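Asks: Mind looking over this structure? Questions follow.
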Amino acid sequence: MTSAVYLNPPAGTWRFDAHSPSSDNSSTTRLTPHAFHRHLPFYDLSPLRSLPTIAASLGLSHVLVKDESSRFGLPAFKILGASWTFYRAICERLGVDFNKTEFLKPGALGTVAREQGVGGLKVITTTEGNWGRAMAKMRTYFGLDTVVYVPGHMVEGTRELIRKEGAEVPVVDGNYLDAVDAVMKRAASDKESLMVVDSSFEGYESVQKWVVEGYQTMLDESDEQVNLITGGKFATHTVIPVGCGSIAQAVTQHCKSGQREKSGTPASAVIAVEPTTAACLKTSLESGEATSVMTGASIMCGMNCGALSTTAWPILQAGVDASVVVSDSESHNAVLELHDFGVNAGPCGAAALAALRIACASEKKGLGLDQNSVVVLNCTEGARDYIVPT
């Protein structure tokens with residue numbers, strides 16, 4: 001029987017070194033993702049909740065949950081990356097400077113598109129759930145239509161949530177990768193369709209940096225909140241779910257940032273979590289090369305992608321300290337436990353707690369999890385309906 005945990009010891013000393021977000025633009029005043037998000041309606045930082053009972057049961061100093069169950073009125077973190085990427089991609093397509101706050105006004109980019117004679121411009125994307133809903137929500141704000149391709153196994157309830165945001169939702173006979181192919185074909189044949197997806201592959205990698213940048217807002221918030229809750233301590237371990245790898249890449253780059261460490265914030269160990277049905281990161285780490293896997297049905301459908309973004313894989317290979325796979329039953333039990341503590345988690349969000357329990361049970365010493373550890377669980381998804389595993 002294979003272990004549910006894969007340790008990656010070289011990641012302990014690896015540090016990420018890169019320029020700050022938006023450094024590709026030469027403007028004197030640069031719009032950061034966090035400043036952009038503060039311009040959007042209903043911005044508020046998501047809560048960081050302390051779970052002292054769980055921390056005590058696991059022999060840890062703090063277990064903290066970054067609760068993304070209600071971000072901009074949607075039940076997931078995805079809108080942070082989706083909104084920034086939507087904005088940057090449209091600005092680039094229309095040839096306007098993304099730093100100018102005049103384009104942040106509701107409907108402004110749609111007006112520019114009509115002035116340029118491309119009033120029928122549509123953003124097309126694909127999703128396992130929350131990304132597509134977030135992209136659809138931004139269509140109203142920016143005044144441009146959105147088409148969200150979905151895989152055939154997606155439940156009708158999830159499709160309907162995307163439709164309610166005003167998007168067209170074509171259903172593809174196949175999985176997530178088949179839906180990506182459908183989007184690529186449409187973008188190639190239709191000049192008024194702009195492909196914006198949250199994964200990268202050969203020939204499509206530039207957009208992914210915006211997706212990753214967009215998630216920095218959540219991480220900046222978390223750093224400040226951890227410091228306040230713990231009385232000046234820093235996170236020692238961060239647990240993050242993995243689908244295509246975008247949010248895991250953002251977390252890994254942040255937790256292992258050489259520049260951040262030089263400024264006085266110690267690096268944090270990164271523990272990644274995947275469903276047993278789509279453990280592409282763990283499989284890739286074990287083989288030493290990016291490896292896609294065949295997926296199966298899972299209540300953790302937002303993580304059920306089976307392939308890593310080409311831009312995410314090198315960062316995850318270098319910087320993820322451990323990869324943990326969890327079953328649907330383990331995720332469901334974590335959902336129930338978090339609900340008891342007032343955290344409105346869905347299966348993907350609760351997977352982080354399930355992974356922490358597995359890591360403490362089997363690799364506690366190897367991961368340096370002890371009475372001094374401050375662990376941040378990223379609850380990336382709010383509660384939703386799903387079929388309870390038996």
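In the structure tokens, chains take the letters A, B, ... in the order shown, each chain's residues start at 1, and ligands count up from 1 in the order shown.
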Report as an mmCIF file with all heavy atoms, in the first residue's frame all protein, DNA and RNA residues lying within 12 Å of Val172 in chain A, evaluated on only C-alpha atoms, omitting residues in the same chain fewer than 4 positions from it.
Replies:
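To be explicit, this is the file written out as out_1.cif:
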```cif
data_model
loop_
_atom_site.group_PDB
_atom_site.id
_atom_site.type_symbol
_atom_site.label_atom_id
_atom_site.label_comp_id
_atom_site.auth_asym_id
_atom_site.auth_seq_id
_atom_site.Cartn_x
_atom_site.Cartn_y
_atom_site.Cartn_z
ATOM 1 N N THR A 126 -12.708 27.777 -18.930
ATOM 2 C CA THR A 126 -13.228 26.480 -18.513
ATOM 3 C C THR A 126 -12.984 26.319 -17.025
ATOM 4 O O THR A 126 -12.172 27.042 -16.438
ATOM 5 C CB THR A 126 -12.587 25.330 -19.291
ATOM 6 O OG1 THR A 126 -13.229 24.097 -18.929
ATOM 7 C CG2 THR A 126 -11.100 25.218 -19.007
ATOM 8 N N THR A 127 -13.685 25.371 -16.414
ATOM 9 C CA THR A 127 -13.640 25.304 -14.959
ATOM 10 C C THR A 127 -14.071 23.945 -14.441
ATOM 11 O O THR A 127 -14.772 23.194 -15.121
ATOM 12 C CB THR A 127 -14.575 26.381 -14.368
ATOM 13 O OG1 THR A 127 -14.424 26.433 -12.950
ATOM 14 C CG2 THR A 127 -16.032 26.076 -14.688
ATOM 15 N N GLU A 128 -13.638 23.652 -13.217
ATOM 16 C CA GLU A 128 -14.204 22.544 -12.452
ATOM 17 C C GLU A 128 -15.250 23.073 -11.470
ATOM 18 O O GLU A 128 -15.847 22.301 -10.730
ATOM 19 C CB GLU A 128 -13.101 21.801 -11.682
ATOM 20 C CG GLU A 128 -12.207 20.938 -12.549
ATOM 21 C CD GLU A 128 -12.872 19.635 -12.975
ATOM 22 O OE1 GLU A 128 -13.987 19.355 -12.516
ATOM 23 O OE2 GLU A 128 -12.276 18.906 -13.772
ATOM 24 N N VAL A 148 -18.351 29.967 -20.317
ATOM 25 C CA VAL A 148 -17.636 29.046 -19.426
ATOM 26 C C VAL A 148 -17.902 27.611 -19.856
ATOM 27 O O VAL A 148 -19.008 27.091 -19.681
ATOM 28 C CB VAL A 148 -18.062 29.236 -17.955
ATOM 29 C CG1 VAL A 148 -17.270 28.291 -17.055
ATOM 30 C CG2 VAL A 148 -17.867 30.680 -17.516
ATOM 31 N N TYR A 149 -16.903 26.955 -20.448
ATOM 32 C CA TYR A 149 -17.015 25.548 -20.839
ATOM 33 C C TYR A 149 -16.812 24.671 -19.606
ATOM 34 O O TYR A 149 -15.902 24.928 -18.796
ATOM 35 C CB TYR A 149 -15.966 25.204 -21.895
ATOM 36 C CG TYR A 149 -16.291 25.722 -23.272
ATOM 37 C CD1 TYR A 149 -16.152 27.079 -23.596
ATOM 38 C CD2 TYR A 149 -16.727 24.856 -24.271
ATOM 39 C CE1 TYR A 149 -16.446 27.552 -24.866
ATOM 40 C CE2 TYR A 149 -17.025 25.313 -25.546
ATOM 41 C CZ TYR A 149 -16.884 26.660 -25.833
ATOM 42 O OH TYR A 149 -17.192 27.124 -27.081
ATOM 43 N N VAL A 150 -17.637 23.646 -19.470
ATOM 44 C CA VAL A 150 -17.530 22.770 -18.297
ATOM 45 C C VAL A 150 -17.472 21.308 -18.737
ATOM 46 O O VAL A 150 -18.046 20.938 -19.762
ATOM 47 C CB VAL A 150 -18.716 22.972 -17.332
ATOM 48 C CG1 VAL A 150 -18.773 24.420 -16.862
ATOM 49 C CG2 VAL A 150 -20.038 22.565 -17.962
ATOM 50 N N PRO A 151 -16.759 20.469 -17.965
ATOM 51 C CA PRO A 151 -16.706 19.036 -18.291
ATOM 52 C C PRO A 151 -18.038 18.357 -18.023
ATOM 53 O O PRO A 151 -18.810 18.782 -17.158
ATOM 54 C CB PRO A 151 -15.610 18.506 -17.375
ATOM 55 C CG PRO A 151 -15.554 19.477 -16.248
ATOM 56 C CD PRO A 151 -15.914 20.811 -16.812
ATOM 57 N N GLY A 152 -18.302 17.277 -18.753
ATOM 58 C CA GLY A 152 -19.577 16.580 -18.670
ATOM 59 C C GLY A 152 -19.902 16.024 -17.303
ATOM 60 O O GLY A 152 -21.081 15.858 -16.967
ATOM 61 N N HIS A 153 -18.885 15.725 -16.475
ATOM 62 C CA HIS A 153 -19.162 15.137 -15.168
ATOM 63 C C HIS A 153 -19.585 16.166 -14.127
ATOM 64 O O HIS A 153 -19.966 15.811 -13.015
ATOM 65 C CB HIS A 153 -17.939 14.367 -14.655
ATOM 66 C CG HIS A 153 -16.709 15.208 -14.479
ATOM 67 N ND1 HIS A 153 -16.568 16.131 -13.465
ATOM 68 C CD2 HIS A 153 -15.561 15.260 -15.206
ATOM 69 C CE1 HIS A 153 -15.386 16.706 -13.572
ATOM 70 N NE2 HIS A 153 -14.762 16.212 -14.608
ATOM 71 N N MET A 154 -19.516 17.473 -14.477
ATOM 72 C CA MET A 154 -19.923 18.493 -13.513
ATOM 73 C C MET A 154 -21.412 18.379 -13.214
ATOM 74 O O MET A 154 -22.234 18.257 -14.119
ATOM 75 C CB MET A 154 -19.615 19.901 -14.042
ATOM 76 C CG MET A 154 -20.039 21.013 -13.084
ATOM 77 S SD MET A 154 -19.704 22.662 -13.731
ATOM 78 C CE MET A 154 -17.917 22.716 -13.549
ATOM 79 N N ARG A 159 -23.332 23.868 -12.583
ATOM 80 C CA ARG A 159 -23.539 24.560 -13.858
ATOM 81 C C ARG A 159 -24.526 25.710 -13.697
ATOM 82 O O ARG A 159 -24.328 26.809 -14.226
ATOM 83 C CB ARG A 159 -24.066 23.586 -14.921
ATOM 84 C CG ARG A 159 -23.169 22.425 -15.244
ATOM 85 C CD ARG A 159 -23.870 21.495 -16.229
ATOM 86 N NE ARG A 159 -23.233 20.191 -16.314
ATOM 87 C CZ ARG A 159 -23.739 19.166 -16.971
ATOM 88 N NH1 ARG A 159 -24.901 19.286 -17.597
ATOM 89 N NH2 ARG A 159 -23.100 18.008 -17.007
ATOM 90 N N TYR A 176 -11.874 17.821 -17.628
ATOM 91 C CA TYR A 176 -11.384 19.199 -17.630
ATOM 92 C C TYR A 176 -10.459 19.473 -18.813
ATOM 93 O O TYR A 176 -10.573 20.515 -19.479
ATOM 94 C CB TYR A 176 -10.649 19.478 -16.311
ATOM 95 C CG TYR A 176 -10.007 20.846 -16.237
ATOM 96 C CD1 TYR A 176 -10.756 21.971 -15.917
ATOM 97 C CD2 TYR A 176 -8.642 21.016 -16.487
ATOM 98 C CE1 TYR A 176 -10.167 23.231 -15.852
ATOM 99 C CE2 TYR A 176 -8.046 22.266 -16.430
ATOM 100 C CZ TYR A 176 -8.821 23.369 -16.106
ATOM 101 O OH TYR A 176 -8.219 24.617 -16.048
ATOM 102 N N LEU A 177 -9.549 18.555 -19.095
ATOM 103 C CA LEU A 177 -8.604 18.771 -20.193
ATOM 104 C C LEU A 177 -9.325 18.812 -21.534
ATOM 105 O O LEU A 177 -8.916 19.547 -22.454
ATOM 106 C CB LEU A 177 -7.530 17.684 -20.176
ATOM 107 C CG LEU A 177 -6.625 17.664 -18.931
ATOM 108 C CD1 LEU A 177 -5.620 16.527 -19.015
ATOM 109 C CD2 LEU A 177 -5.909 19.000 -18.767
ATOM 110 N N ASP A 178 -10.394 18.045 -21.684
ATOM 111 C CA ASP A 178 -11.195 18.103 -22.907
ATOM 112 C C ASP A 178 -11.869 19.468 -23.036
ATOM 113 O O ASP A 178 -12.000 20.016 -24.144
ATOM 114 C CB ASP A 178 -12.257 17.002 -22.904
ATOM 115 C CG ASP A 178 -11.656 15.605 -22.937
ATOM 116 O OD1 ASP A 178 -10.716 15.389 -23.736
ATOM 117 O OD2 ASP A 178 -12.098 14.741 -22.163
ATOM 118 N N ALA A 179 -12.295 20.018 -21.913
ATOM 119 C CA ALA A 179 -12.907 21.348 -21.931
ATOM 120 C C ALA A 179 -11.886 22.413 -22.313
ATOM 121 O O ALA A 179 -12.202 23.362 -23.040
ATOM 122 C CB ALA A 179 -13.528 21.652 -20.570
ATOM 123 N N VAL A 180 -10.651 22.272 -21.837
ATOM 124 C CA VAL A 180 -9.586 23.196 -22.231
ATOM 125 C C VAL A 180 -9.385 23.145 -23.750
ATOM 126 O O VAL A 180 -9.244 24.177 -24.416
ATOM 127 C CB VAL A 180 -8.267 22.867 -21.508
ATOM 128 C CG1 VAL A 180 -7.109 23.681 -22.095
ATOM 129 C CG2 VAL A 180 -8.390 23.138 -20.020
ATOM 130 N N ASP A 181 -9.384 21.941 -24.312
ATOM 131 C CA ASP A 181 -9.230 21.791 -25.766
ATOM 132 C C ASP A 181 -10.347 22.518 -26.516
ATOM 133 O O ASP A 181 -10.112 23.160 -27.545
ATOM 134 C CB ASP A 181 -9.234 20.308 -26.152
ATOM 135 C CG ASP A 181 -7.951 19.590 -25.747
ATOM 136 O OD1 ASP A 181 -6.941 20.282 -25.533
ATOM 137 O OD2 ASP A 181 -7.969 18.353 -25.647
ATOM 138 N N ALA A 182 -11.567 22.422 -25.998
ATOM 139 C CA ALA A 182 -12.705 23.083 -26.646
ATOM 140 C C ALA A 182 -12.541 24.597 -26.628
ATOM 141 O O ALA A 182 -12.841 25.283 -27.619
ATOM 142 C CB ALA A 182 -14.000 22.677 -25.951
ATOM 143 N N VAL A 183 -12.055 25.123 -25.516
ATOM 144 C CA VAL A 183 -11.819 26.562 -25.409
ATOM 145 C C VAL A 183 -10.721 26.999 -26.373
ATOM 146 O O VAL A 183 -10.842 28.031 -27.054
ATOM 147 C CB VAL A 183 -11.454 26.940 -23.958
ATOM 148 C CG1 VAL A 183 -11.013 28.394 -23.869
ATOM 149 C CG2 VAL A 183 -12.636 26.701 -23.040
#
```
Asks: May I have all residues of range 139-223 of chain A that DSSP, computed from the backbone, assigns to alpha helix (DSSP H), given as JSON, numbers by chain?
Replies: {"A": [139, 140, 141, 142, 156, 157, 158, 159, 160, 161, 162, 163, 164, 176, 177, 178, 179, 180, 181, 182, 183, 184, 185, 186, 187, 188, 189, 208, 209, 210, 211, 212, 213, 214, 216, 217, 218, 219, 220, 221, 222, 223]}
Asks: Taking the chain letters and numbering used in this document, name the residues of range 19-235 of chain A that DSSP puts in strand (DSSP E or B), as a count of residues only.
Replies: 32
Asks: Show me, as a Markdown table, the residues of range 182-260 of chain A having an atom within 6 Å of range 82-93 of chain A, each with the closest atom pair and its distance in Å, using only C-alpha atoms.
Replies:
```
| residue | atom | partner | partner_atom | distance |
| --- | --- | --- | --- | --- |
| A:Trp210 | CA | A:Thr85 | CA | 5.2 |
| A:Val211 | CA | A:Thr85 | CA | 5.5 |
| A:Gly214 | CA | A:Trp84 | CA | 5.5 |
```
Asks: Excluding same-chain residues fewer than 6 positions from range 231-234 of chain A, what lies within 8 Å of it counting only C-alpha atoms, as a list in words?
Replies: Asp223, Thr265, Pro266 and Val374 of chain A
Asks: Taking only C-alpha atoms into account, name the residue in A:Cys305, A:Leu48, A:Ile315, A:Ala167 that is nearest to Glu224 in chain A.
Replies: A:Leu48
Asks: Kindly indicate which residue among A:Val155, A:Leu80, A:Leu7, A:Val118 lies nearest to Val212 in chain A, using only C-alpha atoms for the distances.
Replies: A:Leu80
Asks: Between A:Pro10, A:Asp17, A:Leu194, A:Tyr386, single out the one closest to Glu261 in chain A, counting only C-alpha atoms.
Replies: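 Selected residue with least distance to Glu261 in chain A: A:Asp17.
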